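Novice: Got a structure for you, data_30.txt, holding compact mmCIF, C-alpha atoms.
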# COMPACT_ATOMS: atom_id res chain seq x y z
CA MET M 24 -40.78 234.92 -55.15
CA LYS M 25 -38.79 236.12 -52.19
CA ILE M 26 -41.79 236.05 -49.92
CA ASN M 27 -42.58 232.55 -51.08
CA ARG M 28 -39.13 231.34 -50.18
CA ARG M 29 -39.44 232.87 -46.73
CA LYS M 30 -42.74 231.11 -46.26
CA TYR M 31 -41.13 227.79 -47.18
CA PHE M 32 -38.37 228.44 -44.72
CA THR M 33 -40.77 229.26 -41.90
CA SER M 34 -42.96 226.24 -42.55
CA SER M 35 -40.03 223.85 -42.74
CA ALA M 36 -38.66 225.29 -39.50
CA LEU M 37 -42.06 224.71 -37.89
CA ILE M 38 -42.16 221.11 -39.09
CA LEU M 39 -38.67 220.52 -37.72
CA LEU M 40 -39.79 221.94 -34.39
CA CYS M 41 -42.79 219.60 -34.35
CA LEU M 42 -40.54 216.63 -35.09
CA PHE M 43 -38.29 217.70 -32.27
CA PHE M 44 -41.27 217.74 -29.93
CA LEU M 45 -42.38 214.31 -31.08
CA THR M 46 -38.98 212.71 -30.63
CA GLY M 47 -38.72 214.41 -27.26
CA CYS M 48 -41.22 211.96 -25.84
CA GLY M 49 -39.12 208.89 -26.54
CA GLN M 50 -37.25 206.74 -24.07
CA GLU M 51 -34.93 207.91 -21.34
CA HIS M 52 -32.48 205.01 -21.05
CA ARG M 53 -30.45 203.75 -24.00
CA PHE M 54 -30.68 200.06 -23.09
CA ILE M 55 -34.46 200.05 -22.81
CA LYS M 56 -36.09 199.94 -26.19
CA LYS M 57 -39.76 199.92 -25.33
CA THR M 58 -42.15 199.84 -22.43
CA ALA M 59 -45.84 199.14 -22.81
CA PHE M 60 -48.93 197.96 -21.01
CA LYS M 61 -50.21 194.48 -21.77
CA ASP M 62 -53.62 193.06 -20.90
CA THR M 63 -55.07 194.64 -17.78
CA ASN M 64 -52.38 193.89 -15.25
CA SER M 65 -48.95 193.63 -16.81
CA ILE M 66 -46.15 195.78 -18.17
CA VAL M 67 -43.78 194.60 -20.87
CA ILE M 68 -40.21 195.95 -21.01
CA THR M 69 -38.14 195.32 -24.12
CA PHE M 70 -34.36 195.63 -23.76
CA ALA M 71 -31.88 196.32 -26.52
CA GLY M 72 -29.87 193.19 -25.66
CA PRO M 73 -30.18 190.03 -23.58
CA VAL M 74 -30.27 190.48 -19.80
CA ASP M 75 -29.15 188.04 -17.11
CA GLU M 76 -31.82 185.70 -15.87
CA SER M 77 -30.78 185.85 -12.21
CA TRP M 78 -31.09 189.65 -12.30
CA ALA M 79 -34.29 189.79 -14.29
CA LYS M 80 -36.18 187.38 -12.03
CA ASP M 81 -35.50 189.45 -8.91
CA ILE M 82 -38.71 191.28 -8.05
CA SER M 83 -36.94 193.77 -5.77
CA LYS M 84 -35.13 195.30 -8.75
CA TYR M 85 -38.34 196.85 -10.08
CA THR M 86 -40.39 199.59 -8.49
CA VAL M 87 -43.51 200.89 -10.16
CA TYR M 88 -45.89 203.67 -9.19
CA GLU M 89 -48.53 205.82 -10.80
CA LYS M 90 -47.11 209.20 -11.74
CA PRO M 91 -49.40 211.29 -9.47
CA ASP M 92 -48.80 209.07 -6.40
CA PRO M 93 -45.08 208.35 -5.96
CA ASP M 94 -45.69 207.07 -2.43
CA ILE M 95 -47.90 204.18 -3.43
CA LYS M 96 -45.72 201.43 -4.86
CA LEU M 97 -47.60 198.87 -6.90
CA LYS M 98 -47.17 195.23 -5.91
CA ILE M 99 -45.57 192.96 -8.48
CA SER M 100 -46.60 189.32 -8.22
CA GLN M 101 -44.45 187.73 -10.88
CA VAL M 102 -41.65 188.50 -13.35
CA GLY M 103 -41.49 186.62 -16.62
CA LEU M 104 -38.53 186.50 -19.02
CA SER M 105 -38.88 185.60 -22.68
CA PRO M 106 -36.65 182.82 -24.13
CA ASP M 107 -34.42 185.31 -26.00
CA LYS M 108 -33.94 187.19 -22.68
CA ARG M 109 -34.79 190.55 -24.22
CA THR M 110 -38.34 190.96 -22.94
CA VAL M 111 -39.39 191.12 -19.32
CA THR M 112 -43.05 190.93 -18.32
CA LEU M 113 -44.07 192.29 -14.95
CA LEU M 114 -47.31 190.79 -13.65
CA PHE M 115 -49.15 192.83 -11.04
CA LYS M 116 -51.48 191.69 -8.28
CA GLU M 117 -54.12 194.24 -9.19
CA ASP M 118 -55.30 195.75 -12.44
CA LEU M 119 -53.43 198.85 -13.58
CA ASN M 120 -55.12 202.17 -14.18
CA GLN M 121 -53.83 202.62 -17.70
CA ASP M 122 -55.10 206.20 -18.02
CA GLN M 123 -52.27 207.29 -15.76
CA PRO M 124 -48.67 207.13 -16.90
CA HIS M 125 -46.69 204.79 -14.66
CA MET M 126 -43.13 205.45 -13.58
CA LEU M 127 -40.86 202.43 -13.56
CA THR M 128 -37.50 202.25 -11.83
CA ILE M 129 -35.22 199.38 -12.80
CA SER M 130 -32.10 199.18 -10.68
CA GLU M 131 -28.73 197.79 -11.75
CA ILE M 132 -29.63 196.32 -15.10
CA THR M 133 -27.23 193.45 -15.72
CA SER M 134 -26.50 192.20 -19.22
CA GLU M 135 -24.02 189.36 -19.75
CA GLY M 136 -22.38 190.03 -16.41
CA ARG M 137 -21.96 193.78 -17.00
CA SER M 138 -23.87 196.32 -14.99
CA LEU M 139 -25.56 199.01 -17.04
CA GLY M 140 -26.76 201.25 -14.24
CA SER M 141 -30.30 202.01 -13.23
CA ALA M 142 -33.08 203.26 -15.42
CA PHE M 143 -36.06 205.44 -14.69
CA VAL M 144 -38.63 205.22 -17.44
CA SER M 145 -42.29 205.98 -17.90
CA VAL M 146 -44.89 203.57 -19.20
CA LYS M 147 -47.64 205.18 -21.20
CA LYS M 148 -50.33 204.14 -23.52
CA LEU M 149 -49.68 204.78 -27.20
CA TYR M 150 -48.86 208.46 -27.27
CA LEU M 151 -51.11 209.49 -30.14
CA GLY M 152 -53.96 207.58 -28.56
CA TYR M 153 -53.28 209.38 -25.30
CA LEU M 154 -53.38 212.74 -27.06
CA PHE M 155 -56.59 211.78 -28.80
CA SER M 156 -58.16 210.74 -25.52
CA ILE M 157 -57.29 214.15 -24.03
CA LEU M 158 -58.89 215.84 -27.02
CA ILE M 159 -62.10 213.79 -26.91
CA GLY M 160 -62.16 213.98 -23.13
CA ALA M 161 -62.11 217.78 -23.11
CA MET M 162 -64.52 217.96 -26.03
CA ILE M 163 -67.27 215.53 -25.07
CA ILE M 164 -66.71 213.40 -21.99
CA ASN M 165 -65.73 216.26 -19.69
CA ASN M 166 -67.40 218.99 -21.71
CA PHE M 167 -66.68 222.20 -19.85
CA VAL M 168 -70.19 223.58 -20.22
CA PHE M 169 -72.33 220.53 -19.62
CA THR M 170 -70.35 218.60 -17.03
CA LYS M 171 -68.35 221.32 -15.29
CA TYR M 172 -70.86 224.17 -15.61
CA LEU M 173 -68.25 226.72 -16.66
CA GLY M 174 -68.69 229.64 -19.03
CA LEU M 175 -72.45 229.75 -18.59
CA CYS M 176 -72.85 233.52 -18.98
CA VAL M 177 -71.37 233.54 -22.48
CA PHE M 178 -73.10 230.24 -23.21
CA PHE M 179 -76.56 231.70 -22.57
CA GLY M 180 -75.69 235.11 -23.94
CA THR M 181 -74.56 234.05 -27.40
CA SER M 182 -76.64 230.96 -28.11
CA GLN M 183 -79.73 232.68 -29.48
CA LYS M 184 -78.76 232.41 -33.13
CA LYS M 185 -76.74 229.76 -34.93
CA SER M 186 -74.51 232.27 -36.72
CA THR M 187 -73.64 234.05 -33.46
CA ALA M 188 -72.99 230.74 -31.76
CA ILE M 189 -70.58 229.55 -34.45
CA GLY M 190 -68.77 232.90 -34.51
CA MET M 191 -68.35 232.87 -30.76
CA GLY M 192 -67.18 229.25 -30.77
CA ILE M 193 -64.51 229.86 -33.39
CA THR M 194 -63.20 233.04 -31.76
CA PHE M 195 -63.17 231.24 -28.47
CA THR M 196 -61.17 228.30 -29.78
CA ILE M 197 -58.54 230.57 -31.34
CA VAL M 198 -58.03 232.62 -28.20
CA MET M 199 -58.06 229.49 -26.06
CA VAL M 200 -55.32 227.73 -28.03
CA PHE M 201 -53.25 230.90 -28.09
CA SER M 202 -53.48 231.57 -24.37
CA ALA M 203 -53.13 227.93 -23.34
CA MET M 204 -49.86 227.58 -25.24
CA MET M 205 -48.49 230.70 -23.59
CA ALA M 206 -49.73 229.54 -20.21
CA TRP M 207 -48.05 226.18 -20.65
CA PHE M 208 -44.77 227.80 -21.62
CA LEU M 209 -44.80 230.26 -18.74
CA TYR M 210 -45.86 227.65 -16.22
CA GLN M 211 -43.25 225.07 -17.19
CA PHE M 212 -40.31 227.36 -17.87
CA VAL M 213 -40.85 230.39 -15.66
CA LEU M 214 -43.25 229.77 -12.80
CA LYS M 215 -42.13 226.26 -11.86
CA PRO M 216 -38.34 226.80 -11.91
CA TYR M 217 -38.73 229.93 -9.74
CA ARG M 218 -41.22 228.12 -7.48
CA LEU M 219 -43.87 230.74 -8.16
CA ASP M 220 -46.63 228.30 -9.08
CA PHE M 221 -48.81 229.67 -6.28
CA LEU M 222 -49.17 232.81 -8.40
CA GLN M 223 -50.55 230.86 -11.36
CA ILE M 224 -54.07 232.33 -11.23
CA VAL M 225 -52.77 235.92 -11.34
CA VAL M 226 -50.41 235.15 -14.20
CA PHE M 227 -53.01 233.21 -16.20
CA ILE M 228 -55.61 235.97 -15.90
CA GLY M 229 -53.05 238.43 -17.23
CA LEU M 230 -52.17 236.06 -20.04
CA VAL M 231 -55.79 235.64 -21.11
CA SER M 232 -56.40 239.37 -21.32
CA LEU M 233 -53.08 239.77 -23.08
CA SER M 234 -53.93 237.19 -25.72
CA VAL M 235 -57.39 238.68 -26.24
CA GLN M 236 -55.86 242.12 -26.70
CA ALA M 237 -53.22 240.77 -29.07
CA VAL M 238 -55.75 238.89 -31.21
CA ASP M 239 -57.93 242.02 -31.24
CA THR M 240 -55.09 244.30 -32.38
CA ILE M 241 -53.76 241.94 -35.03
CA LEU M 242 -57.14 240.88 -36.41
CA ARG M 243 -58.27 244.49 -36.73
CA LYS M 244 -55.45 245.19 -39.15
CA VAL M 245 -54.90 241.87 -40.89
CA ASN M 246 -58.47 240.91 -41.62
CA PRO M 247 -61.01 243.72 -41.06
CA MET M 248 -63.85 241.61 -42.45
CA LEU M 249 -63.20 238.85 -39.93
CA PHE M 250 -62.85 241.45 -37.22
CA LYS M 251 -66.24 242.89 -38.07
CA ALA M 252 -67.74 239.43 -37.71
CA PHE M 253 -65.86 238.24 -34.62
CA GLY M 254 -64.60 241.42 -32.92
CA LEU M 255 -67.64 241.75 -30.73
CA TYR M 256 -67.14 238.30 -29.19
CA LEU M 257 -63.50 238.95 -28.38
CA VAL M 258 -64.50 241.31 -25.58
CA LEU M 259 -66.81 238.67 -24.14
CA VAL M 260 -64.03 236.09 -24.15
CA ILE M 261 -61.99 238.01 -21.54
CA ALA M 262 -64.59 237.47 -18.86
CA ASN M 263 -65.04 233.77 -19.52
CA CYS M 264 -64.14 231.15 -16.99
CA ILE M 265 -63.45 228.25 -19.36
CA ILE M 266 -60.53 230.16 -20.74
CA ILE M 267 -58.97 230.40 -17.29
CA ALA M 268 -59.95 226.82 -16.40
CA VAL M 269 -57.88 225.37 -19.23
CA PRO M 270 -54.51 226.78 -18.09
CA LEU M 271 -55.30 225.75 -14.52
CA THR M 272 -56.16 222.21 -15.66
CA LEU M 273 -53.02 221.85 -17.70
CA ALA M 274 -50.91 223.13 -14.83
CA ALA M 275 -52.56 220.78 -12.35
CA ASN M 276 -52.09 217.77 -14.63
CA GLU M 277 -48.53 218.71 -15.64
CA TYR M 278 -49.34 218.37 -19.33
CA ASN M 279 -46.58 218.90 -21.87
CA GLY M 280 -46.88 221.16 -24.92
CA LEU M 281 -48.73 218.81 -27.25
CA GLU M 282 -51.06 217.62 -24.53
CA SER M 283 -51.92 221.21 -23.57
CA LEU M 284 -52.58 222.01 -27.21
CA MET M 285 -54.99 219.07 -27.41
CA LEU M 286 -56.69 220.11 -24.17
CA ALA M 287 -57.16 223.70 -25.36
CA PHE M 288 -58.39 222.62 -28.76
CA GLY M 289 -60.76 220.08 -27.24
CA ALA M 290 -62.15 222.61 -24.78
CA GLY M 291 -62.71 225.12 -27.58
CA ALA M 292 -64.34 222.57 -29.84
CA GLY M 293 -66.46 221.34 -26.94
CA PHE M 294 -67.66 224.86 -26.31
CA LEU M 295 -68.43 225.26 -30.01
CA ILE M 296 -70.44 222.03 -29.96
CA ALA M 297 -72.32 223.12 -26.85
CA LEU M 298 -73.13 226.54 -28.33
CA PHE M 299 -74.22 225.05 -31.64
CA LEU M 300 -76.51 222.44 -30.03
CA MET M 301 -78.02 225.03 -27.73
CA SER M 302 -78.59 227.59 -30.47
CA SER M 303 -80.28 225.01 -32.70
CA VAL M 304 -82.71 224.23 -29.91
CA ARG M 305 -83.30 227.86 -29.05
CA GLU M 306 -84.06 228.71 -32.67
CA ARG M 307 -86.75 226.06 -32.61
CA LEU M 308 -87.99 227.28 -29.23
CA GLU M 309 -88.76 230.67 -30.77
CA LEU M 310 -91.49 228.99 -32.77
CA ALA M 311 -92.80 226.74 -30.02
CA SER M 312 -95.65 227.75 -27.74
CA VAL M 313 -93.81 228.01 -24.46
CA PRO M 314 -95.83 228.98 -21.37
CA ARG M 315 -95.38 232.64 -20.67
CA THR M 316 -93.47 232.25 -17.41
CA TYR M 317 -90.91 230.02 -19.09
CA ARG M 318 -90.25 232.14 -22.15
CA GLY M 319 -86.67 233.26 -22.79
CA LEU M 320 -84.00 232.40 -20.26
CA PRO M 321 -85.94 229.98 -17.99
CA ILE M 322 -86.66 227.51 -20.79
CA ALA M 323 -83.05 227.89 -21.93
CA PHE M 324 -81.92 226.76 -18.49
CA VAL M 325 -84.27 223.79 -18.65
CA VAL M 326 -82.87 222.83 -22.06
CA ALA M 327 -79.30 223.22 -20.79
CA GLY M 328 -80.17 220.89 -17.92
CA LEU M 329 -81.51 218.30 -20.35
CA PHE M 330 -78.32 218.58 -22.41
CA ALA M 331 -76.27 218.12 -19.27
CA LEU M 332 -78.25 214.96 -18.48
CA ALA M 333 -77.63 213.68 -21.99
CA PHE M 334 -73.91 214.41 -21.71
CA LEU M 335 -73.88 212.53 -18.41
CA GLY M 336 -74.19 209.42 -20.55
CA PHE M 337 -70.61 209.94 -21.71
CA SER M 338 -69.20 210.17 -18.20
CA GLY M 339 -66.71 207.51 -17.16
CA MET M 340 -66.02 206.52 -20.73
CA SER M 341 -62.39 205.96 -21.62
CA ILE M 342 -60.88 205.74 -25.04
CA PHE M 343 -57.97 203.41 -25.85
CA MET J 4 -38.05 236.29 8.51
CA ASP J 5 -36.73 233.27 6.70
CA PRO J 6 -34.18 234.44 4.12
CA THR J 7 -35.37 231.85 1.57
CA LEU J 8 -38.86 233.33 1.73
CA ILE J 9 -37.53 236.84 1.19
CA LYS J 10 -35.49 235.54 -1.72
CA LEU J 11 -38.59 233.86 -3.15
CA ALA J 12 -40.62 237.04 -2.81
CA LEU J 13 -37.96 239.27 -4.38
CA GLY J 14 -37.37 236.73 -7.14
CA GLY J 15 -41.10 236.57 -7.77
CA LEU J 16 -41.37 240.33 -7.98
CA ALA J 17 -38.46 240.46 -10.40
CA VAL J 18 -39.75 237.62 -12.59
CA LEU J 19 -43.33 238.86 -12.75
CA GLY J 20 -42.08 242.40 -13.38
CA CYS J 21 -39.97 241.14 -16.27
CA ILE J 22 -42.90 239.20 -17.71
CA GLY J 23 -45.11 242.28 -17.41
CA ILE J 24 -42.59 244.59 -19.06
CA PHE J 25 -41.88 242.05 -21.81
CA PHE J 26 -45.52 241.53 -22.73
CA GLY J 27 -46.29 245.22 -22.30
CA ILE J 28 -43.61 246.15 -24.81
CA GLY J 29 -44.82 243.32 -27.07
CA LEU J 30 -48.38 244.65 -27.03
CA ALA J 31 -47.21 248.22 -27.58
CA LEU J 32 -45.14 247.14 -30.57
CA ALA J 33 -48.06 245.13 -31.94
CA ALA J 34 -50.36 248.11 -31.54
CA TYR J 35 -47.80 250.29 -33.31
CA LYS J 36 -47.17 247.85 -36.13
CA PHE J 37 -50.79 246.93 -36.72
CA ALA J 38 -52.14 250.44 -36.20
CA VAL J 39 -55.34 251.19 -38.10
CA GLU J 40 -55.83 254.78 -39.20
CA ALA J 41 -59.26 255.70 -37.92
CA ASN J 42 -61.06 258.64 -39.40
CA PRO J 43 -61.48 261.18 -36.56
CA LYS J 44 -64.70 262.38 -38.15
CA VAL J 45 -66.35 259.04 -37.39
CA GLU J 46 -66.02 259.62 -33.68
CA GLU J 47 -67.16 263.23 -33.93
CA VAL J 48 -70.27 262.24 -35.82
CA LEU J 49 -71.00 259.45 -33.38
CA GLU J 50 -70.69 261.89 -30.52
CA VAL J 51 -73.28 264.19 -32.01
CA LEU J 52 -75.72 261.41 -32.82
CA ALA J 53 -78.25 260.41 -30.22
CA GLY J 54 -77.69 256.98 -28.73
CA ALA J 55 -78.67 255.28 -25.53
CA GLN J 56 -75.66 252.97 -25.56
Kindly return the structure encoded in the file as structure tokens.
Specialist:
Amino acid sequence: MKINRRKYFTSSALILLCLFFLTGCGQEHRFIKKTAFKDTNSIVITFAGPVDESWAKDISKYTVYEKPDPDIKLKISQVGLSPDKRTVTLLFKEDLNQDQPHMLTISEITSEGRSLGSAFVSVKKLYLGYLFSILIGAMIINNFVFTKYLGLCVFFGTSQKKSTAIGMGITFTIVMVFSAMMAWFLYQFVLKPYRLDFLQIVVFIGLVSLSVQAVDTILRKVNPMLFKAFGLYLVLVIANCIIIAVPLTLAANEYNGLESLMLAFGAGAGFLIALFLMSSVRERLELASVPRTYRGLPIAFVVAGLFALAFLGFSGMSIF
Amino acid sequence: MDPTLIKLALGGLAVLGCIGIFFGIGLALAAYKFAVEANPKVEEVLEVLAGAQ
């Protein structure tokens, strides 16, 4: 009974934490209710109250840029105000790249003659959709094995049998999520504030081996059966380059916690998919009459190349 | 030498040292808490057995 209650407590605390994270990505200025993209070339800003028309129509009050390039200001061609004076539509000369979050500075917001200060807000696509696009992007569109050619040694080493491939994929995903979350935390809260981000590779390599060791130690005691099945792969995970590529990607893109989680999960699932596809083919290849020179690894490389070509079909796709 | 660079280097050493000590202690505690009693005979027998690997 007591243990049960503790479990409830822990889970409710976790849920609260998640909610905190979700609300953390809301708006930054109290007078601005919502910002969103509309069509291909406009941004809609919804205010909490009516704003003055003379202020709202002034193009110079708005500056917009894509988050990675603060130097390139986007040109606004027209500002439209709705009849109830609560919604402003910014029309741009060129189409917006909606995959990037845009930063929007609105100076000296004036409402009914009162100045409400300046606001600095971000315009993003629907957040859940954005997360989903990161997940699918890491899993299929930018599959780490087939489009970035990472982790090939483990990929060829453990894709001979379906059962091995699935075991490796699952172990891999667990370690990846674990280490990516730690990497995100350390990068955002330790390395960046102390301006040590040039040491990120050293720190991330340490983190990966640490998480592998931790999973190894804990799994050995908590679930010996699972350890017997997956323990062998854990050692292989240390020397894998996908697992170091994920923290580097999330650091380079300045992802927040949820986004890094999605990236890590997508990369792991993508690796699982790649291993499973490859092992299915290789099981069939055992029965096929392959010319002698191609038997074993050479034909596996040919098959991997064909898979990479097939996955090329996904490239450039964008979701939402 | 630029004093800010020296400060950065010393700060980096301190921070990374702290991270290392923290995780080292964490791993040691985990190893202690999740220790698995291994039968010493298993290793002895394995030693005697022939094996290429």
Novice: CA of Val225 in chain M and CA of Lys10 in chain J are how many Å apart?
Specialist: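 Computing it gives 19.8 Å between the two atoms.
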Novice: So which residues fall inside 10 Å of (-45.4, 207.2, -17.0) if we count only C-alpha atoms? Mind giving them as a PDB file with C-alpha atoms, keeping the file's coordinate frame?
Specialist:
ATOM      1  CA  THR M  58     -42.150 199.840 -22.430  1.00  0.00           C
ATOM      2  CA  ALA M  59     -45.840 199.140 -22.810  1.00  0.00           C
ATOM      3  CA  VAL M  87     -43.510 200.890 -10.160  1.00  0.00           C
ATOM      4  CA  TYR M  88     -45.890 203.670  -9.190  1.00  0.00           C
ATOM      5  CA  GLU M  89     -48.530 205.820 -10.800  1.00  0.00           C
ATOM      6  CA  LYS M  90     -47.110 209.200 -11.740  1.00  0.00           C
ATOM      7  CA  PRO M  91     -49.400 211.290  -9.470  1.00  0.00           C
ATOM      8  CA  GLN M 121     -53.830 202.620 -17.700  1.00  0.00           C
ATOM      9  CA  ASP M 122     -55.100 206.200 -18.020  1.00  0.00           C
ATOM     10  CA  GLN M 123     -52.270 207.290 -15.760  1.00  0.00           C
ATOM     11  CA  PRO M 124     -48.670 207.130 -16.900  1.00  0.00           C
ATOM     12  CA  HIS M 125     -46.690 204.790 -14.660  1.00  0.00           C
ATOM     13  CA  MET M 126     -43.130 205.450 -13.580  1.00  0.00           C
ATOM     14  CA  LEU M 127     -40.860 202.430 -13.560  1.00  0.00           C
ATOM     15  CA  PHE M 143     -36.060 205.440 -14.690  1.00  0.00           C
ATOM     16  CA  VAL M 144     -38.630 205.220 -17.440  1.00  0.00           C
ATOM     17  CA  SER M 145     -42.290 205.980 -17.900  1.00  0.00           C
ATOM     18  CA  VAL M 146     -44.890 203.570 -19.200  1.00  0.00           C
ATOM     19  CA  LYS M 147     -47.640 205.180 -21.200  1.00  0.00           C
ATOM     20  CA  LYS M 148     -50.330 204.140 -23.520  1.00  0.00           C
TER      21      LYS M 148
END
Novice: Using all atoms listed in the file, which residues sit within 10 Å of Lys84 in chain M once same-chain residues fewer than 4 positions away are excluded, as a ChimeraX atom specification?
Specialist: /M:78-80,128-132,141
Novice: What residues in chain M have any atom no more than 7 Å from chain J when counting all atoms listed in the file, and can you write them as a PyMOL selection string?
Specialist: chain M and resi 219+237+240-241+244
Novice: In Å, how far is it from CA of Leu281 in chain M to CA of Leu158 in chain M?
Specialist: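 These two atoms are separated by 10.6 Å.
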Novice: So, with only C-alpha atoms as the atoms that count, which of M:Val74, M:Gln101, M:Leu233, M:Gln223 lies closest to Ile28 in chain J?
Specialist: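 Checking each candidate against Ile28 in chain J, we get M:Leu233 as the closest.
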Novice: If you take every atom of range 55-68 of chain M that the file lists and fit an axis-aligned box around them with 3 Å extra on each side, what centre and edge lengths come out in Å to one decimal, as AutoDock Vina command-line options?
Specialist:
--center_x -44.8 --center_y 196.6 --center_z -20.7 --size_x 26.6 --size_y 13.0 --size_z 16.9
Novice: Have a look at M:Ile164, M:Ala275, M:Ala331, M:Leu284 and name the one nearest to Tyr210 in chain M; count all atoms listed in the file.
Specialist: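 Of M:Ile164, M:Ala275, M:Ala331, M:Leu284, the one nearest Tyr210 in chain M, counting all atoms listed in the file, is M:Ala275.
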Novice: Quick one, how far is CA of Gly152 in chain M from CA of Gly293 in chain M?
Specialist: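 A separation of 18.7 Å between them.
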Novice: The residues within 7 Å of (-61.3, 236.3, -23.4), using only C-alpha atoms and the coordinates of the file, should be reported as a CSV table (one decimal) with C-alpha atoms, keeping the file's coordinate frame; which are they?
Specialist:
chain,number,residue,atom,x,y,z
M,198,VAL,CA,-58.0,232.6,-28.2
M,231,VAL,CA,-55.8,235.6,-21.1
M,232,SER,CA,-56.4,239.4,-21.3
M,235,VAL,CA,-57.4,238.7,-26.2
M,257,LEU,CA,-63.5,239.0,-28.4
M,258,VAL,CA,-64.5,241.3,-25.6
M,259,LEU,CA,-66.8,238.7,-24.1
M,260,VAL,CA,-64.0,236.1,-24.2
M,261,ILE,CA,-62.0,238.0,-21.5
M,262,ALA,CA,-64.6,237.5,-18.9
M,263,ASN,CA,-65.0,233.8,-19.5
M,266,ILE,CA,-60.5,230.2,-20.7
Novice: Just add N, CA and C atoms to range 23-37 of chain J and send it as a PDB file, keeping the file's coordinate frame.
Specialist:
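Output (selection-v4.pdb):
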ATOM      1  N   GLY J  23     -44.204 241.167 -17.126  1.00  0.00           N
ATOM      2  CA  GLY J  23     -45.110 242.280 -17.410  1.00  0.00           C
ATOM      3  C   GLY J  23     -44.512 243.255 -18.394  1.00  0.00           C
ATOM      4  N   ILE J  24     -43.234 243.620 -18.171  1.00  0.00           N
ATOM      5  CA  ILE J  24     -42.590 244.590 -19.060  1.00  0.00           C
ATOM      6  C   ILE J  24     -42.466 244.000 -20.465  1.00  0.00           C
ATOM      7  N   PHE J  25     -42.065 242.711 -20.518  1.00  0.00           N
ATOM      8  CA  PHE J  25     -41.880 242.050 -21.810  1.00  0.00           C
ATOM      9  C   PHE J  25     -43.169 242.063 -22.619  1.00  0.00           C
ATOM     10  N   PHE J  26     -44.263 241.600 -21.989  1.00  0.00           N
ATOM     11  CA  PHE J  26     -45.520 241.530 -22.730  1.00  0.00           C
ATOM     12  C   PHE J  26     -46.087 242.914 -23.005  1.00  0.00           C
ATOM     13  N   GLY J  27     -45.836 243.857 -22.064  1.00  0.00           N
ATOM     14  CA  GLY J  27     -46.290 245.220 -22.300  1.00  0.00           C
ATOM     15  C   GLY J  27     -45.647 245.810 -23.538  1.00  0.00           C
ATOM     16  N   ILE J  28     -44.316 245.631 -23.634  1.00  0.00           N
ATOM     17  CA  ILE J  28     -43.610 246.150 -24.810  1.00  0.00           C
ATOM     18  C   ILE J  28     -44.102 245.431 -26.069  1.00  0.00           C
ATOM     19  N   GLY J  29     -44.313 244.091 -25.924  1.00  0.00           N
ATOM     20  CA  GLY J  29     -44.820 243.320 -27.070  1.00  0.00           C
ATOM     21  C   GLY J  29     -46.137 243.874 -27.566  1.00  0.00           C
ATOM     22  N   LEU J  30     -47.059 244.132 -26.634  1.00  0.00           N
ATOM     23  CA  LEU J  30     -48.380 244.650 -27.030  1.00  0.00           C
ATOM     24  C   LEU J  30     -48.264 246.030 -27.649  1.00  0.00           C
ATOM     25  N   ALA J  31     -47.376 246.865 -27.049  1.00  0.00           N
ATOM     26  CA  ALA J  31     -47.210 248.220 -27.580  1.00  0.00           C
ATOM     27  C   ALA J  31     -46.683 248.166 -29.007  1.00  0.00           C
ATOM     28  N   LEU J  32     -45.698 247.276 -29.225  1.00  0.00           N
ATOM     29  CA  LEU J  32     -45.140 247.140 -30.570  1.00  0.00           C
ATOM     30  C   LEU J  32     -46.205 246.653 -31.551  1.00  0.00           C
ATOM     31  N   ALA J  33     -47.000 245.659 -31.084  1.00  0.00           N
ATOM     32  CA  ALA J  33     -48.060 245.130 -31.940  1.00  0.00           C
ATOM     33  C   ALA J  33     -49.048 246.227 -32.303  1.00  0.00           C
ATOM     34  N   ALA J  34     -49.408 247.034 -31.293  1.00  0.00           N
ATOM     35  CA  ALA J  34     -50.360 248.110 -31.540  1.00  0.00           C
ATOM     36  C   ALA J  34     -49.776 249.122 -32.524  1.00  0.00           C
ATOM     37  N   TYR J  35     -48.461 249.339 -32.423  1.00  0.00           N
ATOM     38  CA  TYR J  35     -47.800 250.290 -33.310  1.00  0.00           C
ATOM     39  C   TYR J  35     -47.731 249.740 -34.721  1.00  0.00           C
ATOM     40  N   LYS J  36     -47.378 248.462 -34.818  1.00  0.00           N
ATOM     41  CA  LYS J  36     -47.170 247.850 -36.130  1.00  0.00           C
ATOM     42  C   LYS J  36     -48.501 247.635 -36.849  1.00  0.00           C
ATOM     43  N   PHE J  37     -49.503 247.228 -36.088  1.00  0.00           N
ATOM     44  CA  PHE J  37     -50.790 246.930 -36.720  1.00  0.00           C
ATOM     45  C   PHE J  37     -51.783 248.074 -36.522  1.00  0.00           C
TER      46      PHE J  37
END
